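Worksheet for the structure shown next.
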Amino acid sequence: MIKYGLKEFARNIYSNIFIAVQLAIAFIIMTAAVSSVLSRIEMYTPVKKYFPDGKGLYICNIYDTAPLDSELKNIDDVESVTSGYDTSLYYSPSSKDLSNGLGDDRMSVNALSEDMIKSFTPQMSSGKWLPNASANGDLIPAVVTENSNYKTGDIVTIMHKEKVGEMSPDDEDFDYADPYKYEYVKNKVEIVGVIADGSQLLGFSSAYLGTEDSIKEKPDFRDLYANVNKHGNMMLIVPTDCLKDINCKIYPCGNQIVTLKDNVSNERFKELELYLRDYGRVFDFEDFRENSLVYINGQLIKLVPMLICVIVLVIVSSVSASAVNIKKRLGDYGIYYLCGAKWNAYIKIDLVCDLMTAVMAAAIAVCISNVLTMSEFMGNTVISFGWLHLIGCVCIVILNILISLLIPGVIMRRNTPNEILMINE
Amino acid sequence: MKYVFINLKNFAVKNVLIFILFIVCAVTDVLIILFSHGAFQNFKASKDFEKQKKYVFNYTFSFGDIIDTQEDSDGRILSYFGTDSITPVQLREVLDKLDDNSKASMPGMYFSLMFDQDELKIDECFDDGQPYLMSAVRIQYDEELNDYSLYESYVDNMSIRKGRYFTKEEYASDENLVVLPSGAKDDMIGKNVELLGKSYKVIGIFGNTVQEEFQVPFKTLGDNCTISSISFLDDNALDTESFFKLKKAFSEVLTCNVNFPPIDTIDMTEIKFYNSVIFMSVAVAIASAINLAMLFRYIIRSRAKQTAIFMLCGCTSNKIRRMYIAEIGMISVTIYVIFALVFNYALLPKLTLFFEYIKVAYNFRVYMTIFGIYIISIYLFLNIVILFTNKRSPVKMMKERGK
């Protein structure tokens, strides 16, 4: 039967090519549809866990992070604070080895917790993201945003001040406000990856990348991300875990997620919410979740008519392709019956033929995708390919096969082989 | 024509399944093509809106340490006021660092000039004594000249009492020309005056609305005047890339701070999402077209026997071609007209709930354009299929069993 299936496929090659092209476009549309749906939720899924059902506050447009940080440390009801970090480590965007010391262009090194690093992987233009890198000896793994100076593999010197003792009031540089002696300590980081321009970066707000936060009336999960821009301020990010042996300070920066203990009463929660408004705009977890879900649902609803269109198109084109094909094949099946094959043999023949068409369609779809990728079109879309996309395409193939088996089955069961051969004359 | 209706009747009666399938496919494809046009335009509009960024009219940036801010009614910061200033020479240096594309995509700029009034002694130009003179510059990038020149909106609304205003070539050049305020003597036209250490030729005198301002081309200004703040004009929106390039150019030329008011960044994820959906709407339209084409091909080829009989009875290929085109064309046109009306009055109001810009994408002209493309595509495709089908001899066609 496989042999006859292949022969049927070859005999109707032109119409099968038509069907394969149609199926290939259906695969591409399905891939685009699944990618579009996933793109609406792929940024929410990694941060959902930071807004559990318990009590908590989201603080944004913070006036000054240092006083807020010390205030939060003094509040016993605070379980944890999640954000990106600023450090007292510095580097120079123009000098990798700091041979001339830190200049006026010094930038502070940023850090992310292990949890945030694992939660979301930004698009990398080269190298790898932090959790996939391991420390190379004494070198701390780091990533940078896309810029003109630092590339993957570069070794960059970072520097921080360490307190080594107290100054005496008789010393030349004695300062009453800061009466300590400091020593500059150098460390080295290895650039393991470069974050691509236009990528999203979890943990930092837009202010860090050269533009101020806009005052959004209803912040949602998108505000936990910043859009990397190669023309904006460069960032060098290290894992906080790698800074344990370095005696430097780290401070939360950007927007902060404050999780409170479970035993916090509603009154105390309200009190904290009002109190922390002195430091920035404060929203509770429920509002934040609601805003996020409203946004996502609003976006997904826009895709519904498109998805309905895709499904209708796949069904109609499968039905029309099957009906057209079966009209041609019925005569052949009539002859097969006369030569000894059972009616059910058509299922195997049809299945082989349809699978061959599906394989041809997949090959055409891959070719079209490669052409679009080479023309850099794909880079400007959210279209990607993964397991869910494959499942979607397989559903199209199954639907196509089911319809193409159903229609001839209905016709053949109602007619004798003689009638079928007569119809086909 | 008689045979067109006979064929249609036979098609509907003898080949019911295929006829119904054809109608269903044609209806689905018409609706999908109409919808995909609307979806395309809607998401394109959303993308353009996202990309266009801020209209930054009246946004003012300054230099040095910030001493004050100006906010709008929503609390959004419009401008920072600073302690420092720059010279027109420095500003020209900054602008020279930008590429032409950035200059073209940025809005124009407006700034007032601060002078030492002793450098502006031109009493002889005025009958009633020299007023307190001031000057401002309004520049906009001109793509024809590849340089900064006149701000067109200002020129359109400006009044000249005597003489003329600058041409855009003159304003983009370093020709020492000046337009004096309205109190200047009429006979100053064509004469030279000493201003800012240079000799300027008077070409015009402003109308009564401009009593203190004189204007000279931007490139003639030197270090003897300063600029304390610069505002953006409303001819263009400011996109993030240009904004960052401008910031970088300023930081390379100046040693003092440049205080830019905050602007939103473009969210590239949104742009990519819109691109994906636009691509889907185009692909869906193409798939519909292929579906219809496949059916047309089948219909033509399944009538091979009938075509052979017509040819044997003396019907020419051309008549057969016109007959089939008329038959399929009649069905297609009828379906398009009916379902375009259904789409416009029944589906479109529902779709506006999902797509905010979809309604403006449709008007009579759009429907007619889509109809034109639809009919021309059907006509061309049918001609090609019929041409290939009728190339064979009637005997060969008779032998085929509907293949």
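Residues are referred to by chain and number: the chain letter is A, B, ... according to the order shown in the structure tokens, the number counts from 1 in that chain, and ligands are numbered separately from 1 in the order shown.
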Residues of segment 186-223 of chain B in helix (DSSP H, G or I), written as an mmCIF file with C-alpha atoms, in the first residue's frame:
```
data_model
loop_
_atom_site.group_PDB
_atom_site.id
_atom_site.type_symbol
_atom_site.label_atom_id
_atom_site.label_comp_id
_atom_site.auth_asym_id
_atom_site.auth_seq_id
_atom_site.Cartn_x
_atom_site.Cartn_y
_atom_site.Cartn_z
ATOM 1 C CA ASP B 186 12.307 101.829 4.920
ATOM 2 C CA ASP B 187 15.408 103.099 3.135
ATOM 3 C CA MET B 188 17.595 100.601 5.041
ATOM 4 C CA PHE B 218 22.159 80.614 11.621
ATOM 5 C CA LYS B 219 25.591 79.996 10.103
ATOM 6 C CA THR B 220 26.624 83.652 10.388
#
```
Determine which residues of segment 115-305 of chain B DSSP labels as strand (DSSP E or B) from the backbone of this structure, then write them out as a PyMOL selection string. chain B and resi 115+126+134-142+147-150+160-163+177-180+184+192-195+198-206+213-215+225-227+229-232+238+258-259
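Atom CA of Asp77 of chain A lies 15.8 Å from atom CA of Ile59 of chain A.
The nearest approach to chain B among the residues A:Ser88, A:Thr157, A:Ser35, A:Ser125, with only C-alpha atoms taken into account, belongs to A:Ser35.
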Can you pull out the residues contacting Ala136 of chain B? Cut-off 7 Å, using only C-alpha atoms, and skip same-chain residues under 4 positions away; I want them as a PyMOL selection string. chain B and resi 111-113+215
Can you tell me which residues surround Gly103 of chain A at a distance of at most 10 Å, considering only C-alpha atoms, apart from same-chain residues fewer than 4 positions away, and format the answer as a PyMOL selection string? chain A and resi 91-95+98+107
Expected file: the selected residues, C-alpha atoms, as a short mmCIF file (atom, residue, chain, number, x, y, z; two decimals), in the first residue's frame:
```cif
data_model
loop_
_atom_site.label_atom_id
_atom_site.label_comp_id
_atom_site.auth_asym_id
_atom_site.auth_seq_id
_atom_site.Cartn_x
_atom_site.Cartn_y
_atom_site.Cartn_z
CA TYR A 91 34.34 50.44 35.27
CA SER A 92 35.17 52.65 32.33
CA PRO A 93 33.30 52.28 29.01
CA SER A 94 36.40 53.54 27.21
CA SER A 95 39.23 51.76 29.05
CA LEU A 98 41.70 51.17 33.76
CA MET A 107 29.94 53.79 35.23
#
```
Would you list the contacts of Cys242 of chain A as a ChimeraX atom specification, taking every protein, DNA or RNA residue within 9 Å and counting only C-alpha atoms, but skipping same-chain residues closer than 3 positions in sequence? /A:135,140-141,238-239,245-246
Set the distance at 12 Å and use only C-alpha atoms: which residues neighbour segment 352-361 of chain B once local chain neighbours fewer than 6 positions away are removed? I'd like the list as a tab-separated table (two decimals) with all heavy atoms, in the first residue's frame.
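Output file out_28.tsv is given in full below:
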```tsv
chain	number	residue	atom	x	y	z
A	297	ASN	N	-4.94	40.19	28.45
A	297	ASN	CA	-6.22	39.77	27.85
A	297	ASN	C	-6.61	40.70	26.71
A	297	ASN	O	-7.11	40.25	25.68
A	297	ASN	CB	-7.32	39.75	28.91
A	297	ASN	CG	-7.13	38.61	29.89
A	297	ASN	OD1	-6.48	37.62	29.57
A	297	ASN	ND2	-7.64	38.75	31.08
A	298	GLY	N	-6.35	41.99	26.89
A	298	GLY	CA	-6.64	42.96	25.83
A	298	GLY	C	-5.87	42.65	24.57
A	298	GLY	O	-6.38	42.76	23.46
A	299	GLN	N	-4.62	42.24	24.75
A	299	GLN	CA	-3.78	41.92	23.60
A	299	GLN	C	-4.22	40.60	22.95
A	299	GLN	O	-4.27	40.49	21.73
A	299	GLN	CB	-2.32	41.78	24.04
A	299	GLN	CG	-1.72	43.11	24.50
A	299	GLN	CD	-1.50	44.06	23.36
A	299	GLN	OE1	-0.79	43.77	22.41
A	299	GLN	NE2	-2.15	45.21	23.42
A	300	LEU	N	-4.53	39.61	23.79
A	300	LEU	CA	-4.92	38.30	23.25
A	300	LEU	C	-6.24	38.39	22.51
A	300	LEU	O	-6.44	37.74	21.49
A	300	LEU	CB	-4.98	37.25	24.37
A	300	LEU	CG	-3.63	36.83	24.96
A	300	LEU	CD1	-3.83	35.84	26.09
A	300	LEU	CD2	-2.73	36.23	23.90
A	301	ILE	N	-7.13	39.22	23.03
A	301	ILE	CA	-8.43	39.37	22.37
A	301	ILE	C	-8.25	39.92	20.95
A	301	ILE	O	-8.98	39.54	20.03
A	301	ILE	CB	-9.36	40.29	23.22
A	301	ILE	CG1	-10.00	39.45	24.31
A	301	ILE	CG2	-10.42	40.96	22.38
A	301	ILE	CD1	-10.83	40.23	25.29
A	302	LYS	N	-7.26	40.75	20.77
A	302	LYS	CA	-7.01	41.30	19.43
A	302	LYS	C	-6.60	40.20	18.47
A	302	LYS	O	-6.79	40.31	17.25
A	302	LYS	CB	-5.89	42.32	19.48
A	302	LYS	CG	-6.30	43.66	19.97
A	302	LYS	CD	-5.15	44.64	19.90
A	302	LYS	CE	-5.59	45.90	20.60
A	302	LYS	NZ	-4.59	46.89	20.71
A	303	LEU	N	-6.02	39.14	19.03
A	303	LEU	CA	-5.55	38.05	18.16
A	303	LEU	C	-6.67	37.07	17.83
A	303	LEU	O	-6.52	36.28	16.90
A	303	LEU	CB	-4.40	37.30	18.86
A	303	LEU	CG	-3.07	38.03	18.91
A	303	LEU	CD1	-2.08	37.23	19.74
A	303	LEU	CD2	-2.51	38.26	17.53
A	304	VAL	N	-7.75	37.11	18.59
A	304	VAL	CA	-8.82	36.11	18.40
A	304	VAL	C	-9.38	36.11	16.97
A	304	VAL	O	-9.46	35.05	16.35
A	304	VAL	CB	-9.94	36.32	19.45
A	304	VAL	CG1	-11.21	35.59	19.05
A	304	VAL	CG2	-9.46	35.83	20.81
A	305	PRO	N	-9.75	37.28	16.40
A	305	PRO	CA	-10.27	37.23	15.02
A	305	PRO	C	-9.26	36.65	14.05
A	305	PRO	O	-9.61	35.90	13.13
A	305	PRO	CB	-10.55	38.70	14.69
A	305	PRO	CG	-10.69	39.37	15.98
A	305	PRO	CD	-9.78	38.66	16.92
A	306	MET	N	-7.99	36.97	14.27
A	306	MET	CA	-6.94	36.45	13.39
A	306	MET	C	-6.85	34.94	13.52
A	306	MET	O	-6.71	34.23	12.52
A	306	MET	CB	-5.60	37.11	13.79
A	306	MET	CG	-4.54	37.01	12.73
A	306	MET	SD	-5.07	37.68	11.17
A	306	MET	CE	-4.23	39.18	11.09
B	34	LEU	N	-10.85	40.65	2.69
B	34	LEU	CA	-11.30	41.94	3.21
B	34	LEU	C	-10.83	42.14	4.65
B	34	LEU	O	-10.35	43.22	5.02
B	34	LEU	CB	-12.84	42.03	3.14
B	34	LEU	CG	-13.44	42.21	1.76
B	34	LEU	CD1	-14.95	42.06	1.80
B	34	LEU	CD2	-13.07	43.55	1.15
B	35	PHE	N	-10.96	41.10	5.45
B	35	PHE	CA	-10.53	41.21	6.86
B	35	PHE	C	-9.03	41.43	6.97
B	35	PHE	O	-8.55	42.25	7.76
B	35	PHE	CB	-10.93	39.95	7.64
B	35	PHE	CG	-10.26	39.83	8.98
B	35	PHE	CD1	-10.60	40.67	10.02
B	35	PHE	CD2	-9.25	38.91	9.19
B	35	PHE	CE1	-9.96	40.60	11.25
B	35	PHE	CE2	-8.61	38.82	10.41
B	35	PHE	CZ	-8.97	39.67	11.45
B	36	SER	N	-8.27	40.71	6.16
B	36	SER	CA	-6.81	40.81	6.27
B	36	SER	C	-6.34	42.21	5.88
B	36	SER	O	-5.38	42.73	6.44
B	36	SER	CB	-6.10	39.74	5.45
B	36	SER	OG	-6.34	39.92	4.09
B	37	HIS	N	-7.04	42.86	4.95
B	37	HIS	CA	-6.71	44.24	4.62
B	37	HIS	C	-6.92	45.14	5.85
B	37	HIS	O	-6.06	45.95	6.20
B	37	HIS	CB	-7.57	44.75	3.46
B	37	HIS	CG	-7.52	46.24	3.30
B	37	HIS	ND1	-6.47	46.90	2.71
B	37	HIS	CD2	-8.38	47.21	3.69
B	37	HIS	CE1	-6.69	48.21	2.74
B	37	HIS	NE2	-7.85	48.43	3.33
B	38	GLY	N	-8.06	44.97	6.51
B	38	GLY	CA	-8.36	45.78	7.68
B	38	GLY	C	-7.39	45.51	8.83
B	38	GLY	O	-6.92	46.44	9.49
B	39	ALA	N	-7.08	44.23	9.04
B	39	ALA	CA	-6.14	43.87	10.11
B	39	ALA	C	-4.77	44.46	9.82
B	39	ALA	O	-4.10	44.99	10.71
B	39	ALA	CB	-6.05	42.35	10.25
B	40	PHE	N	-4.35	44.37	8.56
B	40	PHE	CA	-3.07	44.92	8.15
B	40	PHE	C	-3.02	46.42	8.46
B	40	PHE	O	-2.08	46.91	9.07
B	40	PHE	CB	-2.88	44.68	6.64
B	40	PHE	CG	-1.63	45.26	6.07
B	40	PHE	CD1	-0.47	44.52	6.02
B	40	PHE	CD2	-1.61	46.56	5.58
B	40	PHE	CE1	0.70	45.06	5.48
B	40	PHE	CE2	-0.45	47.10	5.05
B	40	PHE	CZ	0.70	46.35	5.00
B	41	GLN	N	-4.04	47.14	8.03
B	41	GLN	CA	-4.05	48.59	8.24
B	41	GLN	C	-4.13	48.93	9.73
B	41	GLN	O	-3.49	49.89	10.18
B	41	GLN	CB	-5.25	49.22	7.50
B	41	GLN	CG	-5.18	49.12	6.00
B	41	GLN	CD	-4.00	49.87	5.40
B	41	GLN	OE1	-3.41	50.74	6.03
B	41	GLN	NE2	-3.63	49.53	4.19
B	42	ASN	N	-4.91	48.14	10.48
B	42	ASN	CA	-5.04	48.41	11.90
B	42	ASN	C	-3.70	48.26	12.62
B	42	ASN	O	-3.28	49.14	13.38
B	42	ASN	CB	-6.06	47.45	12.52
B	42	ASN	CG	-6.19	47.65	14.01
B	42	ASN	OD1	-6.85	48.56	14.48
B	42	ASN	ND2	-5.54	46.79	14.79
B	43	PHE	N	-3.02	47.16	12.37
B	43	PHE	CA	-1.76	46.92	13.07
B	43	PHE	C	-0.66	47.82	12.54
B	43	PHE	O	0.25	48.18	13.27
B	43	PHE	CB	-1.37	45.44	13.00
B	43	PHE	CG	-2.19	44.61	13.94
B	43	PHE	CD1	-3.22	43.81	13.47
B	43	PHE	CD2	-1.97	44.64	15.30
B	43	PHE	CE1	-4.00	43.06	14.34
B	43	PHE	CE2	-2.75	43.90	16.18
B	43	PHE	CZ	-3.76	43.11	15.70
B	44	LYS	N	-0.75	48.21	11.28
B	44	LYS	CA	0.21	49.16	10.73
B	44	LYS	C	0.04	50.50	11.43
B	44	LYS	O	1.02	51.16	11.79
B	44	LYS	CB	0.00	49.30	9.23
B	44	LYS	CG	1.08	50.11	8.53
B	44	LYS	CD	0.93	50.00	7.02
B	44	LYS	CE	1.91	50.93	6.32
B	44	LYS	NZ	1.75	52.33	6.64
B	45	ALA	N	-1.21	50.90	11.62
B	45	ALA	CA	-1.47	52.16	12.32
B	45	ALA	C	-0.98	52.08	13.77
B	45	ALA	O	-0.38	53.02	14.28
B	45	ALA	CB	-2.97	52.49	12.28
B	46	SER	N	-1.22	50.93	14.41
B	46	SER	CA	-0.75	50.75	15.80
B	46	SER	C	0.77	50.83	15.84
B	46	SER	O	1.36	51.43	16.73
B	46	SER	CB	-1.18	49.39	16.34
B	46	SER	OG	-2.57	49.27	16.33
B	47	LYS	N	1.40	50.20	14.87
B	47	LYS	CA	2.87	50.19	14.81
B	47	LYS	C	3.39	51.60	14.56
B	47	LYS	O	4.35	52.03	15.21
B	47	LYS	CB	3.32	49.26	13.70
B	47	LYS	CG	4.83	49.21	13.48
B	47	LYS	CD	5.14	48.32	12.31
B	47	LYS	CE	6.45	48.72	11.67
B	47	LYS	NZ	6.73	47.94	10.48
B	48	ASP	N	2.76	52.31	13.63
B	48	ASP	CA	3.21	53.68	13.35
B	48	ASP	C	3.03	54.56	14.57
B	48	ASP	O	3.87	55.40	14.86
B	48	ASP	CB	2.42	54.26	12.17
B	48	ASP	CG	2.80	53.60	10.85
B	48	ASP	OD1	3.86	52.94	10.80
B	48	ASP	OD2	2.02	53.72	9.89
B	49	PHE	N	1.95	54.36	15.27
B	49	PHE	CA	1.70	55.14	16.48
B	49	PHE	C	2.78	54.85	17.52
B	49	PHE	O	3.29	55.76	18.17
B	49	PHE	CB	0.32	54.79	17.05
B	49	PHE	CG	0.00	55.54	18.32
B	49	PHE	CD1	-0.36	56.87	18.28
B	49	PHE	CD2	0.06	54.91	19.55
B	49	PHE	CE1	-0.64	57.57	19.45
B	49	PHE	CE2	-0.23	55.60	20.71
B	49	PHE	CZ	-0.58	56.92	20.66
B	343	PHE	N	-19.86	42.16	4.95
B	343	PHE	CA	-18.69	42.49	5.75
B	343	PHE	C	-18.81	43.91	6.32
B	343	PHE	O	-18.57	44.15	7.50
B	343	PHE	CB	-17.43	42.35	4.90
B	343	PHE	CG	-16.16	42.68	5.66
B	343	PHE	CD1	-15.54	41.72	6.45
B	343	PHE	CD2	-15.60	43.94	5.59
B	343	PHE	CE1	-14.38	42.02	7.15
B	343	PHE	CE2	-14.45	44.25	6.28
B	343	PHE	CZ	-13.84	43.29	7.07
B	344	ASN	N	-19.19	44.84	5.45
B	344	ASN	CA	-19.22	46.24	5.86
B	344	ASN	C	-20.29	46.53	6.90
B	344	ASN	O	-20.07	47.27	7.86
B	344	ASN	CB	-19.45	47.12	4.62
B	344	ASN	CG	-19.21	48.57	4.93
B	344	ASN	OD1	-18.14	48.97	5.36
B	344	ASN	ND2	-20.24	49.38	4.74
B	345	TYR	N	-21.45	45.91	6.73
B	345	TYR	CA	-22.56	46.26	7.63
B	345	TYR	C	-22.73	45.30	8.80
B	345	TYR	O	-23.27	45.68	9.83
B	345	TYR	CB	-23.87	46.36	6.83
B	345	TYR	CG	-23.86	47.55	5.90
B	345	TYR	CD1	-23.75	47.38	4.52
B	345	TYR	CD2	-23.93	48.84	6.40
B	345	TYR	CE1	-23.71	48.47	3.67
B	345	TYR	CE2	-23.88	49.94	5.55
B	345	TYR	CZ	-23.77	49.74	4.19
B	345	TYR	OH	-23.72	50.83	3.35
B	346	ALA	N	-22.30	44.05	8.63
B	346	ALA	CA	-22.49	43.08	9.72
B	346	ALA	C	-21.22	42.80	10.51
B	346	ALA	O	-21.23	42.80	11.74
B	346	ALA	CB	-23.05	41.77	9.16
B	367	TYR	N	-12.81	49.34	-1.12
B	367	TYR	CA	-13.55	48.16	-1.59
B	367	TYR	C	-13.38	48.00	-3.10
B	367	TYR	O	-13.19	46.89	-3.60
B	367	TYR	CB	-15.04	48.29	-1.26
B	367	TYR	CG	-15.37	47.98	0.19
B	367	TYR	CD1	-15.89	48.97	1.02
B	367	TYR	CD2	-15.15	46.72	0.74
B	367	TYR	CE1	-16.20	48.70	2.34
B	367	TYR	CE2	-15.46	46.44	2.06
B	367	TYR	CZ	-15.97	47.44	2.85
B	367	TYR	OH	-16.26	47.17	4.17
B	370	ILE	N	-9.83	46.71	-3.84
B	370	ILE	CA	-9.71	45.27	-3.56
B	370	ILE	C	-10.45	44.47	-4.62
B	370	ILE	O	-9.97	43.45	-5.10
B	370	ILE	CB	-10.24	44.93	-2.15
B	370	ILE	CG1	-9.38	45.61	-1.07
B	370	ILE	CG2	-10.27	43.44	-1.91
B	370	ILE	CD1	-9.90	45.48	0.34
```
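Taking atom CA of Gly56 of chain A as the reference point, atom CA of Asp223 of chain A is found at 16.4 Å.
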Pick out the closest residue to Cys60 of chain A from this set: A:Val81, A:Leu224, A:Leu139, A:Leu399. Count only C-alpha atoms. A:Leu224
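Proximity to chain A was assessed for B:Lys245, B:Arg164, B:Lys305, B:Arg322 counting only C-alpha atoms; the smallest distance is recorded for B:Lys245.
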Can you tell me which residues surround Ser205 of chain A at a distance of at most 8 Å, considering only C-alpha atoms, apart from same-chain residues fewer than 5 positions away, and format the answer as a ChimeraX atom specification? /A:213,223-226,254-255
Atom CA of Arg301 of chain B and atom CA of Phe339 of chain B, how far apart in Å? 27.4 Å
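Distance check against Arg40 of chain A using only C-alpha atoms: of A:Asn147, A:Thr87, A:Ser99, A:Ser292, the minimum falls on A:Ser292.
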